[in-house]
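**Student:** So that we are looking at the same thing, I have put the structure below in structure tokens.
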Amino acid sequence: MGSNLLKIVFCGDIVGKPGRSALANLLPAIVEEHDPDLIVANGENAAGGYGISRSVYTELCELGIDVITSGNHIWSLAETGILLEQEQNILRPANYPPSAPGRGWGIFHTREGIPIAVVNLNGRVEMTPVDCPFRCFDAIWDDLRGATNVVIVDFHAEATSEKQALAMYLDGRASAVLGTHTHVPTADARITPKGTAVMCDVGMCGVVDGAIIGNDADEALAKFLTGVSRRIKPAKGIPELMGVLLKVNGVSGRVCSLETLRRKMETKSREEGL
């Protein structure tokens with residue numbers, strides 16, 4: 001393996017200011033320890049819990065995030081469409097209609113110039129209707145073959161069955177199929193015999209204790225108890241960083257190791273500027 005070994009850090013959904021604070025305070029130590037070749041994070045909830053703004057995008061890039069993936073909440077802010085059109089390192093799910101702003105996958109390069117593909121897909125079970133993620137990947141795969149064997153898939157989906165199904169379908173083609181959206185890390189992290197890393201949900205960057213998937217518990221409970229839909233704010237508290245560290249053979253694209261990451265800040269994050 002030697003010089004062919006690539007290290008990729010993939011962080012789960014960033015929930016508002018607390019999630020960004022977790023990255024700002026905890027990611028530097030991970031970078032110092034592992035010296036990753038690429039850092040990917042899901043930013044669809046990074047601005048106040050819904051969407052991503054230009055200022056938040058800039059903040060995440062300054063924190064060292066190389067690629068920002070997303071999901072169904074990427075459309076929450078009107079300005080995001082322009083951002084998706086202007087910036088190449090922020091992705092929206094590829095299985096939205098072609099007329100949607102932005103792009104759903106890209107090839108990014110390490111400092112040594114090694115190409116790594118990142119593909120963003122959205123699920124369809126209990127989600128907003130979109131095109132088939134399975135067939136969408138097949139179309140992308142035709143363009144990827146010959147460009148790189150290292151392919152990281154962010155599958156933003158609700159159902160673990162759909163996530164496992166896509167992982168089986170992409171087994172041996174994708175280097176990793178990593179789930180986002182539910183914010184709760186699953187206990188199924190594994191590497192298949194064909195070298196594909198799988199985890200149904202890598203978790204989130206945000207507040208866990210006293211919160212509901214990173215959001216204010218009282219507001220979330222009120223929604224469940226009344227049935228009235230409302231916009232919920234990120235929770236206040238001590239945030240955590242969740243994600244995975246992949247070690248991938250840069251030639252074959254097979255994953256050599258998969259390590260789950262979960263780090264917690266020692267003090268409460270600043271509450272202003274969600």
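Every chain in the structure tokens has a letter given in the order shown (A, B, ...), and although residue numbers restart at 1 in each chain, ligands are simply numbered from 1 in the order shown.
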Which residues come within 6 Å of A:Val255, counting only C-alpha atoms, excluding same-chain residues fewer than 3 positions away, as a list in words?
**Tutor:** Gly195, Thr196, Lys247 and Val248 of chain A
**Student:** Output as a list in words all residues of stretch 112-175 of chain A that backbone DSSP marks as strand (DSSP E).
**Tutor:**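 Taking stretch 112-175 of chain A and keeping strand (DSSP E) gives Pro115, Ile116, Ala117, Val118, Val119, Asn120, Leu121, Asn122, Val151, Ile152, Val153, Asp154, Phe155 and His156 of chain A.
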**Student:** List as an NGL selection string the protein and nucleic acid residues near stretch 234-242 of chain A, meaning an atom at most 9 Å away when only C-alpha atoms are counted, but skip any in the same chain fewer than 5 places from it.
**Tutor:** :A and (10-19 or 21-23 or 26-27 or 48-49 or 185 or 202-217 or 260-271 or 274)
**Student:** Residues at most 10 Å from A:His34, counting only C-alpha atoms, excluding those fewer than 6 positions away in the same chain, as an MDAnalysis selection string?
**Tutor:** chainID A and resid 7:9 28 245
**Student:** Measuring between only C-alpha atoms, which one of A:Ser257, A:Gln164, A:Asn25, A:Thr128 shows the shortest distance to A:Ala197?
**Tutor:**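 Counting only C-alpha atoms, the residue closest to A:Ala197 is A:Ser257.
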**Student:** Neighbours of stretch 102-117 of chain A within 7 Å (only C-alpha atoms; same-chain residues fewer than 4 positions away dropped), as a VMD selection string?
**Tutor:** chain A and resid 37 to 38 84 to 85 91 to 94 148 150 to 152
**Student:** Between atom CA of A:Ser70 and atom CA of A:Ala41, measure the distance and give it in Å to one decimal.
**Tutor:**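 These two atoms are separated by 8.4 Å.
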